[in-house]
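Structure below is run_23.cif: mmCIF, C-alpha atoms.
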```cif
data_coords
#
loop_
_atom_site.label_atom_id
_atom_site.label_comp_id
_atom_site.auth_asym_id
_atom_site.auth_seq_id
_atom_site.Cartn_x
_atom_site.Cartn_y
_atom_site.Cartn_z
CA MET A 96 0.00 0.00 0.00
CA ALA A 97 1.29 3.46 -0.93
CA VAL A 98 2.35 5.77 1.86
CA ASP A 99 -0.03 8.66 2.46
CA LEU A 100 2.15 11.75 2.15
CA LYS A 101 -0.57 13.75 3.93
CA MET A 102 -0.38 11.66 7.12
CA PRO A 103 0.33 13.67 10.26
CA ILE A 104 3.88 13.29 11.57
CA LEU A 105 4.97 14.43 15.04
CA ILE A 106 8.57 15.55 15.43
CA VAL A 107 9.95 15.94 18.97
CA ASP A 108 13.12 17.83 19.88
CA ASP A 109 14.10 20.43 22.47
CA TYR A 110 16.25 22.30 19.90
CA LYS A 111 14.04 24.58 17.82
CA THR A 112 16.69 24.60 15.11
CA MET A 113 16.58 20.83 14.88
CA LEU A 114 12.78 20.83 14.63
CA ARG A 115 13.10 23.28 11.78
CA ILE A 116 15.71 21.14 10.02
CA VAL A 117 13.65 17.94 10.30
CA ARG A 118 10.48 19.76 9.22
CA ASN A 119 12.26 21.11 6.13
CA LEU A 120 13.78 17.73 5.29
CA LEU A 121 10.34 16.10 5.60
CA GLN A 122 8.90 18.82 3.38
CA GLN A 123 11.59 18.10 0.79
CA LEU A 124 10.62 14.41 1.00
CA GLY A 125 6.97 15.36 0.33
CA PHE A 126 5.52 15.35 3.88
CA ASN A 127 3.86 18.65 4.75
CA ASN A 128 1.55 17.68 7.62
CA VAL A 129 4.08 18.02 10.42
CA ASP A 130 3.52 18.99 14.07
CA GLU A 131 6.20 19.79 16.63
CA ALA A 132 6.70 19.10 20.34
CA MET A 133 9.55 20.30 22.55
CA ASP A 134 9.72 17.32 24.93
CA GLY A 135 8.26 13.91 25.66
CA SER A 136 5.38 15.02 27.88
CA GLN A 137 4.14 17.60 25.37
CA ALA A 138 4.43 14.96 22.65
CA LEU A 139 2.46 12.43 24.69
CA THR A 140 -0.38 14.92 25.20
CA MET A 141 -0.44 15.66 21.47
CA LEU A 142 -0.35 11.94 20.56
CA ARG A 143 -3.35 11.30 22.83
CA GLY A 144 -5.28 14.14 21.23
CA LYS A 145 -4.79 13.41 17.52
CA PRO A 146 -4.01 10.33 15.39
CA TYR A 147 -0.45 10.46 13.99
CA GLY A 148 1.13 8.18 11.41
CA LEU A 149 4.71 8.51 12.65
CA VAL A 150 6.76 9.93 15.53
CA ILE A 151 10.32 11.13 14.98
CA SER A 152 11.84 11.90 18.37
CA ASP A 153 15.10 13.05 19.91
CA TRP A 154 16.29 11.18 23.02
CA ASN A 155 17.88 13.77 25.31
CA MET A 156 15.10 16.15 26.44
CA GLU A 157 13.68 17.41 29.71
CA PRO A 158 11.52 16.78 31.64
CA MET A 159 10.49 13.68 29.66
CA THR A 160 13.12 12.09 27.41
CA GLY A 161 12.43 10.47 24.07
CA TYR A 162 13.18 7.09 25.63
CA GLN A 163 10.53 7.63 28.31
CA LEU A 164 8.13 8.84 25.62
CA LEU A 165 8.78 5.65 23.65
CA LYS A 166 8.02 3.49 26.71
CA GLU A 167 4.83 5.48 27.44
CA VAL A 168 3.71 5.09 23.83
CA ARG A 169 4.35 1.34 23.81
CA ALA A 170 2.51 0.95 27.13
CA ASP A 171 -0.55 2.83 25.85
CA ALA A 172 -3.25 0.55 24.43
CA LYS A 173 -4.22 3.07 21.73
CA LEU A 174 -0.70 4.18 20.75
CA GLY A 175 1.11 0.86 21.18
CA GLU A 176 1.60 0.19 17.45
CA LEU A 177 2.52 3.75 16.43
CA PRO A 178 5.65 3.84 14.22
CA PHE A 179 8.44 5.49 16.22
CA ILE A 180 11.87 6.57 14.98
CA MET A 181 14.53 7.84 17.38
CA VAL A 182 16.83 10.54 15.97
CA THR A 183 19.59 11.24 18.45
CA ALA A 184 23.24 11.98 19.14
CA GLU A 185 23.21 9.18 21.74
CA SER A 186 25.26 6.72 19.74
CA LYS A 187 26.44 4.17 22.30
CA THR A 188 25.49 0.57 21.67
CA ASP A 189 23.71 0.48 25.04
CA ASN A 190 21.39 3.27 23.89
CA VAL A 191 20.48 1.51 20.68
CA ILE A 192 19.88 -1.79 22.49
CA ALA A 193 17.72 -0.09 25.15
CA ALA A 194 15.65 1.71 22.52
CA LYS A 195 15.23 -1.50 20.55
CA LYS A 196 14.13 -3.38 23.65
CA ALA A 197 11.65 -0.57 24.38
CA GLY A 198 10.15 -1.09 20.94
CA VAL A 199 11.63 1.60 18.69
CA ASN A 200 11.09 0.92 14.97
CA ASN A 201 14.30 2.53 13.81
CA TYR A 202 17.21 4.58 15.11
CA ILE A 203 19.05 7.44 13.36
CA VAL A 204 22.29 8.87 14.73
CA LYS A 205 22.85 12.63 14.45
CA PRO A 206 24.18 14.19 12.33
CA PHE A 207 22.22 12.52 9.56
CA ASN A 208 21.29 13.29 5.99
CA ALA A 209 18.03 13.26 4.06
CA ALA A 210 18.91 9.98 2.35
CA THR A 211 19.27 8.25 5.73
CA LEU A 212 16.00 9.77 6.95
CA LYS A 213 14.23 8.58 3.80
CA THR A 214 15.69 5.07 4.05
CA LYS A 215 14.73 4.66 7.70
CA MET A 216 11.26 6.11 7.18
CA SER A 217 10.70 3.76 4.22
CA ALA A 218 11.73 0.80 6.38
CA VAL A 219 9.15 1.80 8.99
CA ILE A 220 6.15 3.14 7.06
CA GLY A 221 6.81 1.71 3.59
CA GLU A 222 8.33 2.98 0.35
CA PHE A 223 7.39 6.47 -0.81
CA MET B 245 75.48 -0.50 64.39
CA ALA B 246 72.02 0.93 64.07
CA SER B 247 69.79 0.31 67.02
CA ASP B 248 66.13 -0.64 66.80
CA GLY B 249 65.51 0.79 70.23
CA PRO B 250 62.73 3.28 71.18
CA ASP B 251 64.92 6.37 70.51
CA SER B 252 65.67 5.21 67.00
CA LYS B 253 61.99 4.56 66.27
CA ILE B 254 61.03 8.01 67.56
CA ALA B 255 63.73 9.58 65.38
CA ALA B 256 62.40 7.72 62.31
CA LEU B 257 58.86 8.81 63.14
CA TYR B 258 60.07 12.41 63.52
CA ARG B 259 61.77 12.25 60.09
CA ASP B 260 58.60 10.85 58.51
CA CYS B 261 56.50 13.61 60.05
CA ARG B 262 58.96 16.26 58.85
CA ASP B 263 58.88 14.82 55.30
CA LEU B 264 55.09 14.74 55.39
CA ALA B 265 54.96 18.37 56.55
CA LYS B 266 57.32 19.34 53.73
CA TYR B 267 55.16 17.46 51.24
CA ILE B 268 51.96 19.17 52.47
CA SER B 269 53.62 22.55 52.41
CA GLY B 270 54.77 21.93 48.80
CA ALA B 271 51.31 20.83 47.78
CA ARG B 272 49.77 23.99 49.28
CA ARG B 273 52.29 26.12 47.41
CA GLU B 274 51.49 24.37 44.14
CA ILE B 275 47.76 24.75 44.66
CA ALA B 276 48.23 28.45 45.42
CA GLN B 277 50.16 28.76 42.15
CA MET B 278 47.07 27.49 40.37
CA ARG B 279 45.40 30.67 41.69
CA PRO B 280 42.20 28.83 42.72
CA ASN B 281 40.31 32.00 43.70
CA HIS B 282 40.97 33.57 40.33
CA LEU B 283 40.04 30.32 38.56
CA LYS B 284 36.78 30.03 40.49
CA ALA B 285 35.77 33.69 40.47
CA GLU B 286 36.84 34.72 36.99
CA GLN B 287 38.32 32.17 34.62
CA ILE B 288 35.78 29.35 34.93
CA PRO B 289 32.68 31.60 34.82
CA ARG B 290 34.24 33.46 31.90
CA ALA B 291 34.85 30.19 30.05
CA GLY B 292 31.17 29.29 30.61
CA GLN B 293 30.08 32.65 29.19
CA GLU B 294 32.32 32.22 26.16
CA LEU B 295 30.82 28.80 25.51
CA ASP B 296 27.28 30.19 25.84
CA ALA B 297 28.24 32.88 23.33
CA ILE B 298 29.43 30.18 20.89
CA VAL B 299 26.09 28.38 21.14
CA GLN B 300 24.20 31.65 20.66
CA ALA B 301 26.31 32.72 17.67
CA THR B 302 26.08 29.37 15.89
CA GLU B 303 22.32 29.28 16.50
CA THR B 304 21.87 32.75 15.01
CA ALA B 305 24.03 31.88 12.01
CA THR B 306 22.23 28.57 11.50
CA ASN B 307 18.83 30.26 11.54
CA THR B 308 20.00 32.85 9.02
CA ILE B 309 21.31 30.11 6.70
CA MET B 310 18.07 28.15 7.05
CA GLU B 311 15.90 31.21 6.39
CA ALA B 312 17.81 31.76 3.15
CA ALA B 313 17.41 28.10 2.18
CA GLU B 314 13.69 28.25 3.01
CA GLU B 315 13.32 31.29 0.76
CA ILE B 316 14.96 29.38 -2.09
CA MET B 317 12.63 26.45 -1.42
CA ALA B 318 9.57 28.74 -1.31
CA ALA B 319 10.53 30.31 -4.65
CA GLY B 320 9.45 27.01 -6.21
CA VAL B 321 12.46 26.57 -8.45
CA ASP B 322 11.78 23.40 -10.44
CA SER B 323 15.37 22.19 -10.53
CA GLN B 324 16.69 18.97 -9.03
CA PRO B 325 20.22 20.34 -8.50
CA VAL B 326 18.78 23.34 -6.62
CA ASN B 327 16.53 21.09 -4.48
CA ASP B 328 19.46 18.78 -3.72
CA ALA B 329 21.63 21.74 -2.74
CA VAL B 330 18.90 23.09 -0.42
CA MET B 331 18.60 19.65 1.15
CA ARG B 332 22.37 19.58 1.78
CA ILE B 333 22.14 23.00 3.44
CA PHE B 334 19.48 21.69 5.87
CA GLU B 335 21.53 18.58 6.58
CA ALA B 336 24.65 20.62 7.30
CA CYS B 337 22.73 22.91 9.66
CA SER B 338 22.25 20.03 12.08
CA PHE B 339 25.85 20.64 13.21
CA GLN B 340 24.41 23.30 15.52
CA ASP B 341 22.49 20.74 17.57
CA ILE B 342 25.56 18.52 17.97
CA THR B 343 27.76 21.51 18.80
CA GLY B 344 25.29 22.61 21.46
CA GLN B 345 25.24 19.17 23.06
CA ARG B 346 29.03 18.92 23.07
CA ILE B 347 29.38 22.36 24.64
CA THR B 348 26.82 21.45 27.30
CA LYS B 349 29.06 18.51 28.24
CA VAL B 350 32.08 20.83 28.51
CA VAL B 351 30.10 23.27 30.69
CA LYS B 352 29.19 20.40 33.03
CA THR B 353 32.89 19.49 33.27
CA LEU B 354 33.72 23.09 34.18
CA GLN B 355 31.03 23.04 36.86
CA HIS B 356 32.56 19.85 38.24
CA ILE B 357 36.03 21.47 38.37
CA GLU B 358 34.49 24.47 40.17
CA GLU B 359 32.91 22.17 42.77
CA ARG B 360 36.23 20.34 43.28
CA LEU B 361 38.02 23.67 43.79
CA ASP B 362 35.44 24.57 46.43
CA ALA B 363 35.97 21.23 48.16
CA LEU B 364 39.75 21.71 48.00
CA GLN B 365 39.51 25.14 49.60
CA ARG B 366 37.24 23.84 52.34
CA ALA B 367 39.64 20.96 53.05
CA TRP B 368 42.79 23.12 53.10
CA GLY B 369 41.44 26.03 55.07
CA PRO B 370 40.86 29.73 54.40
CA ASP B 371 44.52 30.74 54.09
CA LEU B 372 44.63 28.87 50.77
CA GLY B 373 42.52 31.78 49.52
CA TYR B 374 45.75 33.67 48.90
CA ASP B 375 46.43 33.73 45.18
CA GLU B 376 49.87 34.33 43.86
CA PRO B 377 49.81 37.33 41.51
CA PRO B 378 49.55 36.34 37.83
CA PRO B 379 52.70 36.58 35.74
CA GLU B 380 52.81 39.91 33.94
CA ALA B 381 51.95 39.68 30.25
CA ASP B 382 54.14 41.56 27.80
CA GLU B 383 52.70 44.67 26.19
CA GLU B 384 51.40 42.98 23.05
CA ALA B 385 50.10 39.84 24.77
CA ALA B 386 48.07 42.09 27.09
CA LEU B 387 46.32 43.49 24.01
CA LEU B 388 45.27 40.07 22.72
CA ASN B 389 41.86 39.60 24.34
CA GLY B 390 40.01 37.88 21.52
CA PRO B 391 36.37 38.49 20.64
CA GLN B 392 34.35 40.21 23.35
CA LEU B 393 31.03 39.05 24.73
CA GLU B 394 27.76 40.86 24.00
CA GLY B 395 27.82 44.27 25.69
CA GLU B 396 31.58 44.25 26.15
CA GLY B 397 34.18 45.86 23.94
CA VAL B 398 33.42 48.76 21.62
CA SER B 399 31.01 49.09 18.71
CA GLN B 400 32.04 50.10 15.21
CA ASP B 401 30.44 53.50 15.95
CA ASP B 402 32.73 53.86 18.96
CA VAL B 403 35.72 52.99 16.79
CA ASP B 404 34.61 55.47 14.10
CA ALA B 405 34.20 58.15 16.76
CA LEU B 406 37.85 57.73 17.70
CA PHE B 407 38.85 58.53 14.12
CA ASP B 408 36.62 61.59 13.73
#
```

Whole structure given in structure tokens:
Amino acid sequence: MAVDLKMPILIVDDYKTMLRIVRNLLQQLGFNNVDEAMDGSQALTMLRGKPYGLVISDWNMEPMTGYQLLKEVRADAKLGELPFIMVTAESKTDNVIAAKKAGVNNYIVKPFNAATLKTKMSAVIGEF
Amino acid sequence: MASDGPDSKIAALYRDCRDLAKYISGARREIAQMRPNHLKAEQIPRAGQELDAIVQATETATNTIMEAAEEIMAAGVDSQPVNDAVMRIFEACSFQDITGQRITKVVKTLQHIEERLDALQRAWGPDLGYDEPPPEADEEAALLNGPQLEGEGVSQDDVDALFD
């Protein structure tokens, strides 16, 4: 099934500049329906208020990290299957293993390029 | 022949204590040479401010670059090379996030050093507060202060005024 380019995507990062970069990269890839959250708790509230097709989240944020957000999402009956990609500078093996165990669908290490973003998104939501 | 009697043991103990006192005195002198008060009151906070200024400057520059790239994107140029170039600009801008995170780690290290200096001063007593005077810089070295923080230094208008 073809990917709906109009599906809502939630991007989560505490760096406004990074949100802007990811939003622009997504726009270049054809996705224009993008919302932003500045930390995990804000993201969780938004996810519970509107159906999203994908979450792209940073790890290191306060007060709720992306890792905690991931665990909350996976523990939520309604959000449990939501595609979730972690985009982070946390590049230790332990981080990747922990995120995988918590149920992340894919993991992108910063800095990254649009080709990597596209490849990882395709692996999670399908080719576009 | 050396005796192992009580007098000899006391003499050895006395020598050890004297060596230890010398060692402690040397350590205090070396710590004073580090000028801990100056480090704590001026150099470390200044380093933190300089790092904050780096983050601020790179963020401002990154936003300016991205605004320009967004304007190119909004112009709707139907050219793959232009779109690819805009994409590369966005990708490169992510350096700012990484730079910010790295600098935050350095700031935390500075805070740790500051705490250790505090602990050192508490452990060694108030008289460690004496800082040896800094070595005098030569005339030209004293003029090399690098870029100034926001609100410091002179503006171009101030410079121009000196030439009027």

Carefully work through the PyMOL selection byres ((chain A and resi 151) around 9) for this structure and note down the residues it includes, as a tab-separated table (two decimals) with C-alpha atoms, in the coordinates of the input.
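The resulting file, out_31.tsv, is shown below:
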```
chain	number	residue	atom	x	y	z
A	104	ILE	CA	3.88	13.29	11.57
A	105	LEU	CA	4.97	14.43	15.04
A	106	ILE	CA	8.57	15.55	15.43
A	107	VAL	CA	9.95	15.94	18.97
A	108	ASP	CA	13.12	17.83	19.88
A	117	VAL	CA	13.65	17.94	10.30
A	149	LEU	CA	4.71	8.51	12.65
A	150	VAL	CA	6.76	9.93	15.53
A	152	SER	CA	11.84	11.90	18.37
A	153	ASP	CA	15.10	13.05	19.91
A	178	PRO	CA	5.65	3.84	14.22
A	179	PHE	CA	8.44	5.49	16.22
A	180	ILE	CA	11.87	6.57	14.98
A	181	MET	CA	14.53	7.84	17.38
A	182	VAL	CA	16.83	10.54	15.97
```

**Request:** Just need the residues of chain B within 9 Å of chain A, counting all atoms listed in the file, so spit them out as number ranges by chain.
**Result:** B: 303, 306-307, 310, 314, 317, 327, 330-332, 334-342, 345

**Item:** Picked residues, the PyMOL selection byres ((chain A and resi 128) around 10), as a list in words
**Value:**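 On this input, the PyMOL selection byres ((chain A and resi 128) around 10) captures Leu100, Lys101, Met102, Pro103, Ile104, Leu105, Arg118, Leu121, Gln122, Gly125, Phe126, Asn127, Val129, Asp130 and Tyr147 of chain A.
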
**Request:** Would you write out, as a list in words, every residue that the PyMOL selection byres ((chain A and resi 166) around 10) captures in this file?
**Result:**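 That selection, the PyMOL selection byres ((chain A and resi 166) around 10), comes back as Gly161, Tyr162, Gln163, Leu164, Leu165, Glu167, Val168, Arg169, Ala170, Asp171, Gly175, Ala194, Lys196, Ala197, Gly198 and Val199 of chain A.
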
Filtering to C-alpha atoms, could you give me those residues as a PDB file, in the frame of the given file?
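Result written to result.pdb:
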```pdb
ATOM      1  CA  GLY A 161      12.430  10.470  24.070  1.00  0.00           C
ATOM      2  CA  TYR A 162      13.180   7.090  25.630  1.00  0.00           C
ATOM      3  CA  GLN A 163      10.530   7.630  28.310  1.00  0.00           C
ATOM      4  CA  LEU A 164       8.130   8.840  25.620  1.00  0.00           C
ATOM      5  CA  LEU A 165       8.780   5.650  23.650  1.00  0.00           C
ATOM      6  CA  GLU A 167       4.830   5.480  27.440  1.00  0.00           C
ATOM      7  CA  VAL A 168       3.710   5.090  23.830  1.00  0.00           C
ATOM      8  CA  ARG A 169       4.350   1.340  23.810  1.00  0.00           C
ATOM      9  CA  ALA A 170       2.510   0.950  27.130  1.00  0.00           C
ATOM     10  CA  ASP A 171      -0.550   2.830  25.850  1.00  0.00           C
ATOM     11  CA  GLY A 175       1.110   0.860  21.180  1.00  0.00           C
ATOM     12  CA  ALA A 194      15.650   1.710  22.520  1.00  0.00           C
ATOM     13  CA  LYS A 196      14.130  -3.380  23.650  1.00  0.00           C
ATOM     14  CA  ALA A 197      11.650  -0.570  24.380  1.00  0.00           C
ATOM     15  CA  GLY A 198      10.150  -1.090  20.940  1.00  0.00           C
ATOM     16  CA  VAL A 199      11.630   1.600  18.690  1.00  0.00           C
TER      17      VAL A 199
END
```

With 8 Å added on each side, what axis-aligned box encloses every listed atom of region 206-218 of chain A? Give the centre and edge lengths in Å to one decimal, as lines of an AutoDock Vina configuration file.
```
center_x = 17.4
center_y = 7.5
center_z = 7.3
size_x = 29.5
size_y = 29.4
size_z = 26.0
```

**Message:** Using Å and a single decimal, report how far CA of His356 (chain B) sits from CA of Glu394 (chain B).
**Reply:**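 CA of Glu394 (chain B) sits 25.8 Å away from CA of His356 (chain B).
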
**Separation of CA of Val98 (chain A) from CA of Gly221 (chain A), in Å and rounded to one decimal** = 6.3 Å

**Prompt:** Pick from A:Asn200, A:Thr211, A:Thr160, A:Asn190: nearest to Ala138 (chain A), with only C-alpha atoms counted?
**Reply:**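 Nearest to Ala138 (chain A): A:Thr160.
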
**Request:** Calculate how many Å separate CA of Lys213 (chain A) from CA of Pro325 (chain B), rounding to one decimal.
**Result:** 18.0 Å

**Request:** Pick out the residues sitting within 12 Å of Thr348 (chain B), and hand them over as a list in words; count only C-alpha atoms, and ignore anything fewer than 3 positions along from it in its own chain.
**Result:**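 Everything that qualifies: Asn155 of chain A; Gly292, Gln293, Leu295, Asp296, Ile298, Val299, Asp341, Ile342, Thr343, Gly344, Gln345, Val351, Lys352, Thr353, Leu354 and Gln355 of chain B.
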
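The residue that comes closest to Met159 (chain A), out of A:Ala97, A:Leu212, A:Val191, A:Ala132 and on the basis of all atoms listed in the file, is A:Ala132.
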
**Message:** Can you tell me which residues surround region 271-275 of chain B at a distance of at most 9 Å, considering all atoms listed in the file, apart from same-chain residues fewer than 4 positions away, and format the answer as a list in words?
**Reply:**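 Everything that qualifies: Lys266, Tyr267, Arg279, Pro280, Trp368 and Leu372 of chain B.
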
Would you mind exporting C-alpha atoms of the selected residues as a PDB file, in the frame of the given file?
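File produced: selection33.pdb:
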```
ATOM      1  CA  LYS B 266      57.320  19.340  53.730  1.00  0.00           C
ATOM      2  CA  TYR B 267      55.160  17.460  51.240  1.00  0.00           C
ATOM      3  CA  ARG B 279      45.400  30.670  41.690  1.00  0.00           C
ATOM      4  CA  PRO B 280      42.200  28.830  42.720  1.00  0.00           C
ATOM      5  CA  TRP B 368      42.790  23.120  53.100  1.00  0.00           C
ATOM      6  CA  LEU B 372      44.630  28.870  50.770  1.00  0.00           C
TER       7      LEU B 372
END
```
